[in-house]
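Student: Dropping in upload03.tsv, which is TSV, C-alpha atoms and all ligand atoms:
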```tsv
chain	number	residue	atom	x	y	z
R	25	MET	CA	67.67	153.36	139.04
R	26	ASN	CA	69.04	152.48	135.63
R	27	PRO	CA	71.35	155.37	134.68
R	28	GLU	CA	70.69	154.76	130.98
R	29	ARG	CA	66.99	155.25	131.43
R	30	SER	CA	65.46	158.62	130.72
R	31	GLU	CA	62.78	159.88	133.09
R	32	PRO	CA	59.26	159.69	131.65
R	33	HIS	CA	57.73	163.03	130.77
R	34	SER	CA	54.05	163.81	130.63
R	35	GLN	CA	53.51	162.57	127.04
R	36	THR	CA	56.06	159.74	126.84
R	37	LEU	CA	53.45	157.46	125.29
R	38	ALA	CA	51.59	159.98	123.13
R	39	GLY	CA	50.15	158.36	120.02
R	40	ARG	CA	50.92	154.84	121.19
R	41	VAL	CA	48.10	152.28	121.06
R	42	ILE	CA	48.47	149.81	123.92
R	43	LEU	CA	46.22	146.84	124.69
R	44	ILE	CA	46.05	145.70	128.31
R	45	THR	CA	44.31	142.44	129.21
R	46	GLY	CA	42.57	142.25	132.57
R	47	ALA	CA	42.30	146.04	132.71
R	48	THR	CA	39.29	146.06	135.02
R	49	ALA	CA	41.08	145.47	138.33
R	50	GLY	CA	44.35	145.24	140.19
R	51	ILE	CA	47.62	145.67	138.32
R	52	GLY	CA	45.98	145.84	134.88
R	53	ARG	CA	43.75	148.72	135.87
R	54	SER	CA	46.65	150.59	137.35
R	55	ILE	CA	48.79	150.03	134.23
R	56	ALA	CA	45.94	151.28	132.04
R	57	LEU	CA	45.62	154.51	134.02
R	58	ALA	CA	49.38	155.07	134.01
R	59	MET	CA	49.62	154.52	130.23
R	60	ALA	CA	46.65	156.80	129.54
R	61	GLN	CA	48.09	159.52	131.75
R	62	LEU	CA	51.25	159.45	129.62
R	63	GLY	CA	49.26	159.96	126.43
R	64	ALA	CA	48.65	156.40	125.22
R	65	THR	CA	45.41	155.29	123.66
R	66	THR	CA	44.59	152.31	125.82
R	67	LEU	CA	42.60	149.33	124.59
R	68	LEU	CA	41.01	147.92	127.72
R	69	LEU	CA	40.24	144.21	127.60
R	70	GLY	CA	38.13	142.66	130.34
R	71	ARG	CA	35.07	140.53	130.95
R	72	ASP	CA	33.27	142.90	133.33
R	73	VAL	CA	31.58	145.45	131.08
R	74	GLN	CA	30.53	147.77	133.90
R	75	ALA	CA	34.06	147.88	135.27
R	76	LEU	CA	35.34	148.63	131.76
R	77	GLU	CA	32.86	151.48	131.45
R	78	ARG	CA	33.86	152.90	134.84
R	79	LEU	CA	37.50	152.90	133.76
R	80	TYR	CA	36.54	154.53	130.45
R	81	ASP	CA	34.73	157.31	132.34
R	82	GLU	CA	37.69	157.82	134.65
R	83	ILE	CA	40.16	158.14	131.76
R	84	VAL	CA	37.95	160.39	129.65
R	85	GLY	CA	37.03	162.43	132.75
R	86	ARG	CA	40.70	163.29	133.19
R	87	ASP	CA	41.01	164.41	129.56
R	88	TRP	CA	43.36	161.58	128.68
R	89	PRO	CA	43.07	159.89	125.24
R	90	GLU	CA	39.77	158.11	124.70
R	91	PRO	CA	40.28	154.39	125.35
R	92	GLY	CA	38.83	151.54	123.34
R	93	LEU	CA	36.77	148.99	125.24
R	94	ILE	CA	37.13	145.28	124.50
R	95	PRO	CA	34.59	143.21	126.42
R	96	PHE	CA	36.18	139.80	126.10
R	97	ASP	CA	36.29	136.71	128.28
R	98	LEU	CA	39.68	135.10	127.70
R	99	ALA	CA	38.39	131.79	129.07
R	100	GLN	CA	35.84	131.70	126.24
R	101	TYR	CA	37.98	132.77	123.31
R	102	ASP	CA	37.71	131.10	119.94
R	103	ALA	CA	39.05	131.75	116.45
R	104	GLN	CA	36.02	133.77	115.38
R	105	ARG	CA	36.14	136.10	118.38
R	106	LEU	CA	39.85	136.66	117.85
R	107	ASP	CA	39.31	137.41	114.15
R	108	GLU	CA	36.62	139.94	115.07
R	109	LEU	CA	38.87	141.55	117.66
R	110	THR	CA	41.79	141.82	115.22
R	111	ALA	CA	39.55	143.23	112.51
R	112	ALA	CA	38.10	145.83	114.88
R	113	ILE	CA	41.54	147.02	116.04
R	114	THR	CA	42.79	147.08	112.45
R	115	ALA	CA	39.81	149.13	111.28
R	116	GLN	CA	39.95	151.65	114.11
R	117	TYR	CA	43.67	151.99	114.89
R	118	GLY	CA	45.55	150.29	112.03
R	119	LYS	CA	48.40	149.14	114.28
R	120	LEU	CA	49.40	148.25	117.81
R	121	HIS	CA	52.37	149.58	119.76
R	122	GLY	CA	51.94	147.57	122.93
R	123	LEU	CA	50.36	144.37	124.22
R	124	ILE	CA	50.40	143.69	127.95
R	125	HIS	CA	49.36	140.17	128.88
R	126	ASN	CA	48.20	140.88	132.43
R	127	ALA	CA	44.93	138.97	132.96
R	128	ALA	CA	45.15	135.75	134.94
R	129	ILE	CA	43.28	133.64	137.44
R	130	LEU	CA	44.70	131.86	140.45
R	131	GLY	CA	42.77	128.58	140.36
R	132	ASP	CA	43.08	126.13	143.23
R	133	ARG	CA	46.08	125.55	145.45
R	134	VAL	CA	45.80	121.87	146.31
R	135	PRO	CA	47.87	118.76	145.60
R	136	PHE	CA	47.91	117.86	141.91
R	137	GLU	CA	45.98	114.62	142.55
R	138	HIS	CA	43.08	116.59	144.06
R	139	TYR	CA	43.08	119.36	141.49
R	140	SER	CA	39.78	119.69	139.62
R	141	ALA	CA	40.29	118.98	135.91
R	142	THR	CA	37.72	121.65	135.07
R	143	VAL	CA	39.51	124.33	137.06
R	144	TRP	CA	42.86	123.21	135.64
R	145	ASP	CA	41.60	123.61	132.08
R	146	ARG	CA	40.10	127.05	132.81
R	147	VAL	CA	43.34	128.32	134.35
R	148	ILE	CA	45.47	127.03	131.47
R	149	LYS	CA	43.06	128.48	128.92
R	150	THR	CA	42.93	131.90	130.59
R	151	ASN	CA	46.56	132.23	131.63
R	152	PHE	CA	48.39	130.53	128.79
R	153	GLU	CA	46.30	129.49	125.79
R	154	ALA	CA	44.47	132.80	125.46
R	155	PRO	CA	47.64	134.93	125.61
R	156	THR	CA	49.21	132.58	123.06
R	157	ALA	CA	46.25	132.91	120.69
R	158	LEU	CA	46.01	136.67	121.25
R	159	THR	CA	49.71	137.04	120.49
R	160	ARG	CA	49.31	135.04	117.28
R	161	ALA	CA	46.34	137.15	116.22
R	162	LEU	CA	47.90	140.52	117.03
R	163	LEU	CA	51.53	140.02	115.96
R	164	PRO	CA	50.89	141.41	112.45
R	165	LEU	CA	49.59	144.64	114.01
R	166	LEU	CA	52.58	144.83	116.37
R	167	ARG	CA	54.96	144.50	113.42
R	168	ILE	CA	53.66	147.68	111.78
R	169	PRO	CA	55.14	150.42	114.02
R	170	GLU	CA	58.85	151.20	114.05
R	171	MET	CA	59.00	150.00	117.64
R	172	SER	CA	56.49	148.03	119.69
R	173	ALA	CA	56.55	146.04	122.90
R	174	MET	CA	54.90	143.07	124.52
R	175	VAL	CA	54.98	142.21	128.22
R	176	PHE	CA	53.94	138.94	129.84
R	177	LEU	CA	53.07	139.11	133.54
R	178	SER	CA	54.38	136.11	135.38
R	179	SER	CA	55.00	135.11	138.97
R	180	SER	CA	57.73	133.62	141.11
R	181	VAL	CA	56.13	130.22	140.43
R	182	GLY	CA	56.52	130.90	136.69
R	183	ALA	CA	60.28	130.82	137.07
R	184	ARG	CA	60.28	128.03	139.64
R	185	PRO	CA	57.00	126.13	140.12
R	186	ARG	CA	56.19	125.22	143.72
R	187	ALA	CA	54.11	122.44	145.25
R	188	TYR	CA	50.33	123.01	145.39
R	189	TRP	CA	50.34	125.99	143.01
R	190	GLY	CA	48.84	123.71	140.34
R	191	ALA	CA	47.73	125.07	136.99
R	192	TYR	CA	48.68	128.64	137.91
R	193	ALA	CA	52.35	127.65	138.24
R	194	ALA	CA	52.23	125.47	135.11
R	195	SER	CA	50.57	128.24	133.09
R	196	LYS	CA	53.08	130.90	134.14
R	197	TYR	CA	56.01	128.56	133.48
R	198	ALA	CA	54.65	127.95	129.98
R	199	LEU	CA	54.03	131.67	129.47
R	200	GLU	CA	57.62	132.52	130.34
R	201	GLY	CA	58.75	129.88	127.86
R	202	LEU	CA	56.60	131.41	125.16
R	203	ALA	CA	57.93	134.89	125.91
R	204	MET	CA	61.54	133.77	125.77
R	205	LEU	CA	61.19	131.81	122.53
R	206	LEU	CA	59.33	134.72	120.92
R	207	SER	CA	61.94	137.22	122.06
R	208	GLU	CA	64.64	135.12	120.38
R	209	GLU	CA	62.65	134.51	117.21
R	210	LEU	CA	61.67	138.13	116.77
R	211	GLU	CA	64.83	139.83	117.95
R	212	ASN	CA	66.38	140.04	114.49
R	213	THR	CA	63.25	139.91	112.40
R	214	SER	CA	61.08	142.59	114.00
R	215	ASN	CA	61.10	145.70	116.15
R	216	ILE	CA	59.01	144.02	118.82
R	217	ARG	CA	60.55	144.02	122.29
R	218	ILE	CA	59.35	141.15	124.48
R	219	ASN	CA	59.82	140.93	128.23
R	220	VAL	CA	58.50	139.13	131.31
R	221	VAL	CA	57.55	140.88	134.55
R	222	ASN	CA	57.04	139.18	137.87
R	223	PRO	CA	55.40	142.01	139.81
R	224	GLY	CA	56.06	140.46	143.21
R	225	ALA	CA	53.67	140.78	146.14
R	226	THR	CA	51.21	143.50	145.13
R	227	ARG	CA	48.04	144.67	146.87
R	228	THR	CA	45.28	143.25	144.62
R	229	GLY	CA	42.34	140.88	144.77
R	230	MET	CA	44.46	137.98	143.54
R	231	ARG	CA	47.05	138.50	146.25
R	232	ARG	CA	44.28	138.68	148.87
R	233	ALA	CA	42.87	135.37	147.61
R	234	ALA	CA	46.30	133.72	147.69
R	235	TYR	CA	47.30	135.05	151.12
R	236	PRO	CA	44.13	135.88	153.08
R	237	ALA	CA	45.94	136.21	156.41
R	238	GLU	CA	48.35	138.84	155.12
R	239	ASP	CA	48.05	142.50	156.10
R	240	PRO	CA	47.42	144.27	152.77
R	241	SER	CA	48.65	147.59	154.12
R	242	GLU	CA	52.16	146.13	154.17
R	243	LEU	CA	52.11	145.37	150.43
R	244	ARG	CA	53.16	147.57	147.54
R	245	SER	CA	50.33	149.19	145.63
R	246	PRO	CA	49.88	148.37	141.92
R	247	GLU	CA	50.83	151.99	141.14
R	248	ALA	CA	54.41	151.21	142.22
R	249	LEU	CA	54.78	149.24	138.98
R	250	SER	CA	53.90	152.15	136.67
R	251	GLU	CA	57.46	153.30	136.10
R	252	LEU	CA	58.60	149.84	135.05
R	253	PHE	CA	55.73	149.41	132.57
R	254	THR	CA	56.33	152.87	131.15
R	255	PHE	CA	59.98	151.97	130.67
R	256	LEU	CA	59.03	148.74	128.89
R	257	MET	CA	56.43	150.42	126.67
R	258	ALA	CA	58.20	153.69	125.78
R	259	PRO	CA	59.77	153.50	122.31
R	260	ASP	CA	62.95	155.40	123.21
R	261	SER	CA	63.50	154.09	126.75
R	262	GLY	CA	66.42	151.86	125.82
R	263	ALA	CA	64.69	148.77	127.24
R	264	LYS	CA	66.07	145.52	125.87
R	265	THR	CA	64.20	142.45	124.73
R	266	GLY	CA	64.23	139.00	126.35
R	267	GLN	CA	64.58	140.15	129.95
R	268	ARG	CA	62.89	138.76	133.04
R	269	TYR	CA	62.03	141.55	135.46
R	270	GLN	CA	61.49	140.42	139.02
R	271	PHE	CA	60.11	143.62	140.50
R	272	ASP	CA	61.50	144.47	143.90
R	273	GLY	CA	60.68	148.16	143.97
R	274	SER	CA	63.79	149.27	142.15
R	275	CYS	CA	62.64	148.55	138.56
R	276	GLU	CA	65.87	146.78	137.70
R	277	PRO	CA	65.94	143.65	135.52
R	278	LEU	CA	67.18	141.26	138.17
R	279	ILE	CA	67.34	138.30	135.86
R	280	SER	CA	68.59	138.58	132.31
R	281	ALA	CA	67.58	136.00	129.76
W	1	LIG	N1	49.14	140.64	142.86
W	1	LIG	C1	50.25	139.94	143.01
W	1	LIG	O1	50.82	139.91	144.12
W	1	LIG	C2	50.85	139.20	141.86
W	1	LIG	C3	52.04	138.48	142.09
W	1	LIG	C4	52.63	137.79	141.04
W	1	LIG	C5	52.05	137.82	139.77
W	1	LIG	N2	50.88	138.53	139.56
W	1	LIG	C6	50.33	138.55	138.20
W	1	LIG	O2	49.96	139.88	137.86
W	1	LIG	C7	48.84	139.86	136.97
W	1	LIG	C8	47.72	140.73	137.52
W	1	LIG	O3	47.32	140.18	138.77
W	1	LIG	P1	46.42	140.97	139.82
W	1	LIG	O4	46.99	140.68	141.14
W	1	LIG	O5	46.20	142.36	139.37
W	1	LIG	O6	45.06	140.10	139.67
W	1	LIG	P2	43.53	140.54	139.89
W	1	LIG	O7	43.45	141.65	140.85
W	1	LIG	O8	42.81	139.28	140.15
W	1	LIG	O9	43.13	141.09	138.44
W	1	LIG	C9	43.13	140.22	137.34
W	1	LIG	C10	42.48	140.88	136.16
W	1	LIG	O10	42.37	139.89	135.12
W	1	LIG	C11	41.03	139.83	134.71
W	1	LIG	N3	40.62	138.51	134.21
W	1	LIG	C12	40.63	137.35	134.89
W	1	LIG	N4	40.10	136.38	134.12
W	1	LIG	C13	39.77	136.95	132.93
W	1	LIG	C14	39.19	136.46	131.74
W	1	LIG	N5	38.80	135.19	131.60
W	1	LIG	N6	38.98	137.32	130.71
W	1	LIG	C15	39.35	138.61	130.83
W	1	LIG	N7	39.89	139.14	131.94
W	1	LIG	C16	40.11	138.30	132.99
W	1	LIG	C17	40.24	140.19	135.95
W	1	LIG	O11	38.92	140.52	135.61
W	1	LIG	P3	37.68	140.08	136.59
W	1	LIG	O12	37.64	141.18	137.62
W	1	LIG	O13	36.51	140.06	135.65
W	1	LIG	O14	38.02	138.75	137.15
W	1	LIG	C18	41.07	141.37	136.45
W	1	LIG	O15	40.80	142.52	135.70
W	1	LIG	C19	48.45	138.39	136.81
W	1	LIG	O16	49.02	137.89	135.63
W	1	LIG	C20	49.07	137.72	138.02
W	1	LIG	O17	49.33	136.36	137.79
W	1	LIG	C21	50.29	139.20	140.59
```
Please render this file's structure as structure tokens.
Ligand SMILES: NC(=O)c1ccc[n+]([C@@H]2O[C@H](COP(=O)([O-])OP(=O)(O)OC[C@H]3O[C@@H](n4cnc5c(N)ncnc54)[C@H](OP(=O)(O)O)[C@@H]3O)[C@@H](O)[C@H]2O)c1
Tutor:
Amino acid sequence: MNPERSEPHSQTLAGRVILITGATAGIGRSIALAMAQLGATTLLLGRDVQALERLYDEIVGRDWPEPGLIPFDLAQYDAQRLDELTAAITAQYGKLHGLIHNAAILGDRVPFEHYSATVWDRVIKTNFEAPTALTRALLPLLRIPEMSAMVFLSSSVGARPRAYWGAYAASKYALEGLAMLLSEELENTSNIRINVVNPGATRTGMRRAAYPAEDPSELRSPEALSELFTFLMAPDSGAKTGQRYQFDGSCEPLISA
């Protein structure tokens, strides 16, 4: 445990507006619930409208702040859709305190020479180009609060690409590069804290697809990550910018930028 870190209390994130991409399943869904429980207004971005509505019902049913729903397919983004999204958030909330780039797809795991160009492009668009464009569109809203935070979810292959991980590895490597350059550029010119989290092996659909022979009961649940994301999102947590968190259950930043 980081001794400098204060324990979260029930309303640590009260009044904060936090957008989570890929909120309909896995880690993103769990983050959204954890943020809402701590008082945040969550903006839930996903492409499965029914799953978004189920999550909305769950959050409202627990008397947590009413979330905003953003039906949005990151693989299909374009300038117009991003403008509409930014305008809608501006009109309804006026600012943004948090942006969690969680959504991703795995793609194929085959040798590069056999990798489908179509799948490659879809993975890069979803995992790297869309977060880049979303960041560009939403940065002005993140600059408004006294303190805001952005988190990019990466993977062990984002720090060190491995054979056969294809576009997924390339996209995460690029994403970490974007996060690190942004954290340097914005460190002295904004109050936006930017960090990378590699969640490690977590019991989700993506993990099941990547390692079908694995026993899921031996994996950490997505809920185990809640404390780390609360720490990274809370304005007064003392979290730094430009860190790479390689989650091992202890919530410590194992790798500093
Ligand atoms: N689980 C692990 O062990 C692990 C390990 C290392 C890194 N990670 C990273 O952690 C993050 C979350 O992974 P996860 O395991 O929770 O994955 P997951 O269970 O597959 O969930 C991914 C989420 O992203 C959404 N998504 C995918 N494509 C989208 C698109 N085009 N537009 C909008 N939303 C889209 C999915 O929605 P749909 O349901 O509609 O597809 C889903 O809500 C990812 O960035 C992943 O790379 C996970």
Student: Residues at most 9 Å from Leu243 in chain R, counting only C-alpha atoms, excluding those fewer than 4 positions away in the same chain, as a list in words?
Tutor: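 Here the answer would be Ala225, Thr226, Arg227, Glu238 and Asp239 of chain R.
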Student: Next, dump the selected residues to file, keeping only C-alpha atoms, as a PDB file, in the frame of the given file.
Tutor:
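Dumped everything to out_21.pdb:
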```
ATOM      1  CA  ALA R 225      53.670 140.780 146.140  1.00  0.00           C
ATOM      2  CA  THR R 226      51.210 143.500 145.130  1.00  0.00           C
ATOM      3  CA  ARG R 227      48.040 144.670 146.870  1.00  0.00           C
ATOM      4  CA  GLU R 238      48.350 138.840 155.120  1.00  0.00           C
ATOM      5  CA  ASP R 239      48.050 142.500 156.100  1.00  0.00           C
TER       6      ASP R 239
END
```
Student: Find the residues near ligand LIG 1 (chain W). Use a cut-off of 6 Å, count all atoms listed in the file, and write them as a PDB file with C-alpha atoms, in the coordinates of the input.
Tutor:
```pdb
ATOM      1  CA  GLY R  46      42.570 142.250 132.570  1.00  0.00           C
ATOM      2  CA  ALA R  47      42.300 146.040 132.710  1.00  0.00           C
ATOM      3  CA  THR R  48      39.290 146.060 135.020  1.00  0.00           C
ATOM      4  CA  ALA R  49      41.080 145.470 138.330  1.00  0.00           C
ATOM      5  CA  GLY R  50      44.350 145.240 140.190  1.00  0.00           C
ATOM      6  CA  ILE R  51      47.620 145.670 138.320  1.00  0.00           C
ATOM      7  CA  GLY R  52      45.980 145.840 134.880  1.00  0.00           C
ATOM      8  CA  GLY R  70      38.130 142.660 130.340  1.00  0.00           C
ATOM      9  CA  ARG R  71      35.070 140.530 130.950  1.00  0.00           C
ATOM     10  CA  ASP R  72      33.270 142.900 133.330  1.00  0.00           C
ATOM     11  CA  PHE R  96      36.180 139.800 126.100  1.00  0.00           C
ATOM     12  CA  ASP R  97      36.290 136.710 128.280  1.00  0.00           C
ATOM     13  CA  LEU R  98      39.680 135.100 127.700  1.00  0.00           C
ATOM     14  CA  ALA R  99      38.390 131.790 129.070  1.00  0.00           C
ATOM     15  CA  ASN R 126      48.200 140.880 132.430  1.00  0.00           C
ATOM     16  CA  ALA R 127      44.930 138.970 132.960  1.00  0.00           C
ATOM     17  CA  ALA R 128      45.150 135.750 134.940  1.00  0.00           C
ATOM     18  CA  ILE R 129      43.280 133.640 137.440  1.00  0.00           C
ATOM     19  CA  THR R 150      42.930 131.900 130.590  1.00  0.00           C
ATOM     20  CA  LEU R 177      53.070 139.110 133.540  1.00  0.00           C
ATOM     21  CA  SER R 178      54.380 136.110 135.380  1.00  0.00           C
ATOM     22  CA  SER R 179      55.000 135.110 138.970  1.00  0.00           C
ATOM     23  CA  ASN R 222      57.040 139.180 137.870  1.00  0.00           C
ATOM     24  CA  PRO R 223      55.400 142.010 139.810  1.00  0.00           C
ATOM     25  CA  GLY R 224      56.060 140.460 143.210  1.00  0.00           C
ATOM     26  CA  ALA R 225      53.670 140.780 146.140  1.00  0.00           C
ATOM     27  CA  THR R 226      51.210 143.500 145.130  1.00  0.00           C
ATOM     28  CA  ARG R 227      48.040 144.670 146.870  1.00  0.00           C
ATOM     29  CA  THR R 228      45.280 143.250 144.620  1.00  0.00           C
ATOM     30  CA  GLY R 229      42.340 140.880 144.770  1.00  0.00           C
ATOM     31  CA  MET R 230      44.460 137.980 143.540  1.00  0.00           C
ATOM     32  CA  ARG R 231      47.050 138.500 146.250  1.00  0.00           C
TER      33      ARG R 231
END
```
Student: What is the CA of Arg146 in chain R-CA of Leu162 in chain R distance in Å, reported with one decimal?
Tutor: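 Separation of CA of Arg146 in chain R and CA of Leu162 in chain R: 22.2 Å.
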Student: Near Leu68 in chain R, within 10 Å and counting all atoms listed in the file, which residues show up once chain neighbours fewer than 5 positions away are dropped, as number ranges by chain?
Tutor: R: 42-48, 52-53, 56, 76-77, 79-80, 91-96
Student: What's around Leu165 in chain R at 9 Å? Count only C-alpha atoms, leave out sequence neighbours fewer than 6 positions away in its own chain, and write the answer as an MDAnalysis selection string.
Tutor: chainID R and resid 110 113:114 118:121
Student: Env of range 201-216 of chain R: 12 Å cut, atoms = only C-alpha atoms, seq-sep filter 2 positions within chain, self excluded. Answer as a VMD selection string.
Tutor: chain R and resid 120 to 125 151 to 153 155 to 157 159 to 160 162 to 178 182 to 183 194 to 199 218 to 221 256 to 259 263 to 268 280 to 281
Student: How far is it from CA of Phe253 in chain R to CA of Ser54 in chain R, in Å with one decimal?
Tutor: 10.3 Å
